[in-house]
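Raw data.cif, mmCIF, C-alpha atoms:
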```cif
data_data
#
loop_
_atom_site.group_PDB
_atom_site.id
_atom_site.type_symbol
_atom_site.label_atom_id
_atom_site.label_comp_id
_atom_site.auth_asym_id
_atom_site.auth_seq_id
_atom_site.Cartn_x
_atom_site.Cartn_y
_atom_site.Cartn_z
ATOM 1 C CA MET A 1 135.651 164.429 -17.635
ATOM 2 C CA LYS A 2 132.090 165.750 -17.889
ATOM 3 C CA SER A 3 131.593 169.482 -17.250
ATOM 4 C CA ILE A 4 128.999 170.413 -14.645
ATOM 5 C CA SER A 5 126.503 173.108 -15.611
ATOM 6 C CA ARG A 6 126.525 175.852 -12.996
ATOM 7 C CA PRO A 7 124.434 179.022 -12.819
ATOM 8 C CA ASP A 8 126.158 182.366 -13.229
ATOM 9 C CA TRP A 9 126.540 184.457 -10.071
ATOM 10 C CA ASP A 10 123.404 186.553 -10.635
ATOM 11 C CA ASN A 11 121.260 183.442 -11.083
ATOM 12 C CA TYR A 12 122.886 181.675 -8.151
ATOM 13 C CA LEU A 13 122.370 184.586 -5.755
ATOM 14 C CA MET A 14 118.846 185.378 -6.972
ATOM 15 C CA ASN A 15 117.878 181.735 -6.533
ATOM 16 C CA ILE A 16 119.001 181.988 -2.918
ATOM 17 C CA SER A 17 116.867 185.145 -2.550
ATOM 18 C CA LEU A 18 113.925 183.122 -3.832
ATOM 19 C CA ALA A 19 114.607 180.478 -1.187
ATOM 20 C CA VAL A 20 114.833 183.175 1.528
ATOM 21 C CA ARG A 21 111.426 184.456 0.368
ATOM 22 C CA ASN A 22 109.879 181.205 1.633
ATOM 23 C CA ARG A 23 110.243 182.516 5.210
ATOM 24 C CA ALA A 24 108.121 185.633 4.506
ATOM 25 C CA ASN A 25 104.852 185.772 6.417
ATOM 26 C CA CYS A 26 103.293 188.823 4.748
ATOM 27 C CA VAL A 27 99.798 188.271 3.326
ATOM 28 C CA GLY A 28 100.666 190.606 0.442
ATOM 29 C CA SER A 29 103.775 190.050 -1.637
ATOM 30 C CA LYS A 30 106.382 187.646 -0.335
ATOM 31 C CA VAL A 31 109.879 189.041 -0.870
ATOM 32 C CA GLY A 32 113.329 187.614 -0.212
ATOM 33 C CA CYS A 33 116.611 189.514 -0.202
ATOM 34 C CA ILE A 34 120.283 188.852 0.252
ATOM 35 C CA ILE A 35 123.207 191.229 0.517
ATOM 36 C CA ALA A 36 126.464 190.055 -1.020
ATOM 37 C CA ILE A 37 130.000 191.337 -1.313
ATOM 38 C CA GLU A 38 132.142 189.740 -4.009
ATOM 39 C CA GLU A 39 129.550 186.979 -4.486
ATOM 40 C CA ARG A 40 129.626 186.103 -0.764
ATOM 41 C CA ILE A 41 126.379 186.357 1.182
ATOM 42 C CA ILE A 42 126.724 188.548 4.233
ATOM 43 C CA SER A 43 123.071 189.056 5.197
ATOM 44 C CA THR A 44 119.570 187.870 4.354
ATOM 45 C CA GLY A 45 116.078 189.226 4.922
ATOM 46 C CA TYR A 46 112.459 188.547 4.117
ATOM 47 C CA ASN A 47 109.349 190.621 4.702
ATOM 48 C CA GLY A 48 107.233 190.180 7.793
ATOM 49 C CA THR A 49 106.367 191.673 11.150
ATOM 50 C CA PRO A 50 109.066 192.642 13.675
ATOM 51 C CA THR A 51 110.546 189.901 15.849
ATOM 52 C CA GLY A 52 108.276 189.014 18.756
ATOM 53 C CA THR A 53 105.098 190.480 17.251
ATOM 54 C CA THR A 54 102.113 188.639 15.804
ATOM 55 C CA ASN A 55 102.867 187.488 12.268
ATOM 56 C CA CYS A 56 101.138 189.207 9.390
ATOM 57 C CA ASP A 57 99.475 186.000 8.248
ATOM 58 C CA GLN A 58 97.995 185.664 11.753
ATOM 59 C CA GLY A 59 96.437 189.148 11.742
ATOM 60 C CA GLY A 60 99.447 191.085 13.021
ATOM 61 C CA CYS A 61 99.298 193.909 10.466
ATOM 62 C CA ASP A 62 96.091 195.868 9.945
ATOM 63 C CA ARG A 63 97.220 197.368 6.639
ATOM 64 C CA CYS A 64 98.023 193.970 5.150
ATOM 65 C CA ASN A 65 94.859 192.345 6.429
ATOM 66 C CA GLU A 66 92.583 195.245 5.398
ATOM 67 C CA ARG A 67 94.165 195.973 2.013
ATOM 68 C CA ASP A 68 90.947 197.259 0.453
ATOM 69 C CA LEU A 69 90.800 200.081 3.025
ATOM 70 C CA TYR A 70 94.253 201.392 2.097
ATOM 71 C CA GLY A 71 94.632 200.830 -1.628
ATOM 72 C CA LYS A 72 97.621 199.698 -3.633
ATOM 73 C CA GLY A 73 100.915 201.322 -2.616
ATOM 74 C CA LYS A 74 99.354 203.335 0.210
ATOM 75 C CA GLY A 75 99.516 203.108 3.966
ATOM 76 C CA TYR A 76 103.122 201.912 4.172
ATOM 77 C CA ASP A 77 103.596 204.307 7.091
ATOM 78 C CA VAL A 78 101.105 202.289 9.178
ATOM 79 C CA CYS A 79 102.153 198.852 7.933
ATOM 80 C CA ILE A 80 104.118 197.126 10.681
ATOM 81 C CA CYS A 81 105.782 194.682 8.294
ATOM 82 C CA VAL A 82 109.498 195.148 7.764
ATOM 83 C CA HIS A 83 110.497 194.851 4.114
ATOM 84 C CA ALA A 84 112.987 192.196 3.035
ATOM 85 C CA GLU A 85 115.639 194.780 2.090
ATOM 86 C CA GLN A 86 115.197 196.548 5.432
ATOM 87 C CA ASN A 87 115.516 193.260 7.308
ATOM 88 C CA ALA A 88 118.733 192.375 5.458
ATOM 89 C CA ILE A 89 120.230 195.822 6.132
ATOM 90 C CA LEU A 90 119.159 195.732 9.796
ATOM 91 C CA ALA A 91 120.480 192.197 10.327
ATOM 92 C CA ALA A 92 123.892 193.271 9.014
ATOM 93 C CA ALA A 93 123.837 196.296 11.351
ATOM 94 C CA LYS A 94 122.732 194.166 14.314
ATOM 95 C CA PHE A 95 125.694 191.846 13.847
ATOM 96 C CA GLY A 96 128.207 194.589 12.990
ATOM 97 C CA ILE A 97 128.693 193.670 9.329
ATOM 98 C CA SER A 98 129.561 196.484 6.951
ATOM 99 C CA ILE A 99 127.520 196.528 3.752
ATOM 100 C CA ASN A 100 129.277 199.488 2.185
ATOM 101 C CA GLY A 101 129.794 198.728 -1.509
ATOM 102 C CA ALA A 102 127.629 195.599 -1.384
ATOM 103 C CA THR A 103 125.026 194.329 -3.831
ATOM 104 C CA ILE A 104 121.415 193.607 -2.939
ATOM 105 C CA PHE A 105 119.654 190.723 -4.691
ATOM 106 C CA THR A 106 115.917 191.008 -4.109
ATOM 107 C CA THR A 107 112.933 189.234 -5.577
ATOM 108 C CA MET A 108 111.005 192.528 -5.883
ATOM 109 C CA GLN A 109 112.246 195.917 -7.077
ATOM 110 C CA PRO A 110 112.633 198.034 -3.910
ATOM 111 C CA CYS A 111 109.966 200.533 -2.904
ATOM 112 C CA PHE A 112 110.903 204.196 -2.349
ATOM 113 C CA GLY A 113 111.775 203.617 1.303
ATOM 114 C CA CYS A 114 113.989 200.601 0.679
ATOM 115 C CA LEU A 115 115.686 202.356 -2.223
ATOM 116 C CA LYS A 116 116.546 205.367 -0.015
ATOM 117 C CA GLU A 117 117.672 203.190 2.888
ATOM 118 C CA SER A 118 119.862 201.073 0.610
ATOM 119 C CA LEU A 119 121.494 204.186 -0.785
ATOM 120 C CA GLN A 120 122.073 205.601 2.695
ATOM 121 C CA ALA A 121 123.549 202.272 3.898
ATOM 122 C CA GLY A 122 126.185 202.352 1.140
ATOM 123 C CA ILE A 123 124.771 199.685 -1.172
ATOM 124 C CA SER A 124 126.370 200.107 -4.610
ATOM 125 C CA THR A 125 124.156 197.860 -6.739
ATOM 126 C CA ILE A 126 120.618 196.528 -6.602
ATOM 127 C CA LYS A 127 119.569 193.545 -8.703
ATOM 128 C CA TYR A 128 115.911 192.578 -8.683
ATOM 129 C CA LEU A 129 113.705 189.939 -10.240
ATOM 130 C CA ASN A 130 110.162 191.396 -10.353
ATOM 131 C CA SER A 131 109.359 195.006 -11.228
ATOM 132 C CA TRP A 132 107.471 197.347 -8.901
ATOM 133 C CA ASP A 133 105.873 200.645 -9.800
ATOM 134 C CA HIS A 134 104.554 203.187 -7.350
ATOM 135 C CA PRO A 135 100.844 203.654 -8.066
ATOM 136 C CA ASP A 136 101.329 207.431 -8.329
ATOM 137 C CA ARG A 137 102.950 207.712 -11.761
ATOM 138 C CA ARG A 138 103.899 211.347 -10.984
ATOM 139 C CA LEU A 139 106.616 209.985 -8.713
ATOM 140 C CA LYS A 140 108.293 207.872 -11.398
ATOM 141 C CA ARG A 141 110.838 210.575 -12.257
ATOM 142 C CA THR A 142 111.796 211.017 -8.596
ATOM 143 C CA TYR A 143 112.234 207.259 -8.160
ATOM 144 C CA GLU A 144 114.350 207.026 -11.320
ATOM 145 C CA SER A 145 116.528 209.956 -10.215
ATOM 146 C CA LEU A 146 117.367 208.128 -6.956
ATOM 147 C CA GLN A 147 118.480 205.070 -8.921
ATOM 148 C CA LYS A 148 121.220 207.105 -10.600
ATOM 149 C CA TYR A 149 123.118 207.366 -7.311
ATOM 150 C CA PHE A 150 123.863 203.627 -7.181
ATOM 151 C CA SER A 151 127.303 203.279 -8.762
ATOM 152 C CA GLY A 152 126.531 199.746 -9.988
ATOM 153 C CA GLY A 153 122.981 200.589 -10.971
ATOM 154 C CA VAL A 154 119.529 199.252 -10.192
ATOM 155 C CA LEU A 155 119.115 196.344 -12.580
ATOM 156 C CA LYS A 156 116.367 193.898 -13.447
ATOM 157 C CA ILE A 157 117.815 190.461 -14.022
ATOM 158 C CA GLU A 158 116.293 187.455 -15.701
ATOM 159 C CA ILE A 159 116.579 183.932 -14.425
ATOM 160 C CA ASN A 160 115.302 180.633 -15.745
ATOM 161 C CA GLU A 161 111.486 180.458 -15.327
ATOM 162 C CA ASN A 162 111.609 176.705 -14.642
ATOM 163 C CA GLU A 163 114.011 177.345 -11.787
ATOM 164 C CA ILE A 164 111.668 179.973 -10.305
ATOM 165 C CA LYS A 165 108.719 177.560 -10.431
ATOM 166 C CA ARG A 166 110.793 174.800 -8.866
ATOM 167 C CA LEU A 167 111.849 177.091 -6.021
ATOM 168 C CA GLU A 168 108.321 178.407 -5.482
ATOM 169 C CA ASN A 169 107.283 174.821 -4.743
ATOM 170 C CA PHE A 170 110.325 174.226 -2.514
#
```

Any chance you could give the structure as structure tokens?
Amino acid sequence: MKSISRPDWDNYLMNISLAVRNRANCVGSKVGCIIAIEERIISTGYNGTPTGTTNCDQGGCDRCNERDLYGKGKGYDVCICVHAEQNAILAAAKFGISINGATIFTTMQPCFGCLKESLQAGISTIKYLNSWDHPDRRLKRTYESLQKYFSGGVLKIEINENEIKRLENF
């Protein structure tokens, strides 16, 4: 009998995060996220404007549509888009699903806010595909110190580049 090639769990779950990213309507970076417990998906999220508001790609967010006025990594406090990690955490809360001890799989390393919120929500591990750095390098040490509180770590994972390209065209 011929053996079927299957992706490992990290690749499998990150590939699903890439598929979730296709729903993002942000004009900046498109991000997809899933929350899993014991390799079972319990919540998903992608970045975009709050439910019922004008989508980002239709002019709904001033910060996203006037990026040159704000600069890289600035103005998040006035951006109305909800980040993928936030949406996944909020969806779990909305439907009464505990995420304590869960793992986040996200296509972009979480920003400061999402890192703090994930920690506060009880997430134990974050696995991300693409790196993110705050533009103010003075804050790098603070960001790295927060990562130490995740019992499973904050880990960059690698997946097959051909698979990423295939999913981007999905």

Handout entry: Close residues, segment 39-55 of chain A itself excluded, 8 Å, only C-alpha atoms, min 5 positions apart in chain, as a PyMOL selection string
Key = chain A and resi 9+13+17+20-21+23-26+30-34+60-61+80-89+91-92+97

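Comparing A:Ala93, A:Ile123, A:Leu18, A:Cys111 by their smallest distance to Tyr143 of chain A, the closest is A:Cys111 (using all atoms listed in the file).
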
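Using only C-alpha atoms, the shortest contact distance between Gln147 of chain A and any of A:Tyr128, A:Asn65, A:Asn160, A:Leu119 is found at A:Leu119.
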
Which residues match the PyMOL selection byres ((chain A and resi 131) around 9) in the file above, as a CSV table (one decimal) with C-alpha atoms, keeping the file's coordinate frame?
```
chain,number,residue,atom,x,y,z
A,107,THR,CA,112.9,189.2,-5.6
A,108,MET,CA,111.0,192.5,-5.9
A,109,GLN,CA,112.2,195.9,-7.1
A,110,PRO,CA,112.6,198.0,-3.9
A,128,TYR,CA,115.9,192.6,-8.7
A,129,LEU,CA,113.7,189.9,-10.2
A,130,ASN,CA,110.2,191.4,-10.4
A,132,TRP,CA,107.5,197.3,-8.9
A,133,ASP,CA,105.9,200.6,-9.8
A,156,LYS,CA,116.4,193.9,-13.4
```

Practice task
Find, counting only C-alpha atoms, the residue in A:Arg141, A:Lys127, A:Lys116, A:His134 that gets nearest to Gly71 of chain A.
Solution key: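 Comparing A:Arg141, A:Lys127, A:Lys116, A:His134 against Gly71 of chain A, the winner is A:His134.
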
Practice task
Take the point (124.7, 184.5, -19.3) in the file's coordinates, draw a sphere of radius 12 Å around it, and report as number ranges by chain every protein, DNA or RNA residue with an atom inside or on it, counting all atoms listed in the file.
Solution key: A: 6-12, 157-160

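Going from atom CA of Leu90 of chain A to atom CA of Thr106 of chain A covers 15.0 Å.
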
Practice task
Record the distance separating atom CA of Val78 of chain A and atom CA of Leu146 of chain A, expressed in Å with one decimal.
Solution key: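 Separating atom CA of Val78 of chain A from atom CA of Leu146 of chain A is a distance of 23.6 Å.
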
Handout entry: Residue with smallest distance to Pro135 of chain A - pool A:Gly73, A:Gly122, A:Gly153, A:Gly113, counting only C-alpha atoms
Key =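 Going through A:Gly73, A:Gly122, A:Gly153, A:Gly113 one by one, the smallest distance to Pro135 of chain A is for A:Gly73.
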
Handout entry: Minimum-distance residue to Cys56 of chain A, chosen among A:Cys79, A:Leu69, A:Ile37, A:Ile104 (using all atoms listed in the file)
Key =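 Of A:Cys79, A:Leu69, A:Ile37, A:Ile104, the one nearest Cys56 of chain A is A:Cys79, counting all atoms listed in the file.
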
Problem - Å distance separating atom CA of Asp136 of chain A from atom CA of Ala102 of chain A, one decimal place - result: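 Spanning atom CA of Asp136 of chain A to atom CA of Ala102 of chain A is a straight-line distance of 29.7 Å.
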
Practice task
Tell me which of A:Cys64, A:Leu139, A:Cys114, A:Ala36 sits closest to Asn100 of chain A, counting all atoms listed in the file.
Solution key: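 Counting all atoms listed in the file, the residue closest to Asn100 of chain A is A:Ala36.
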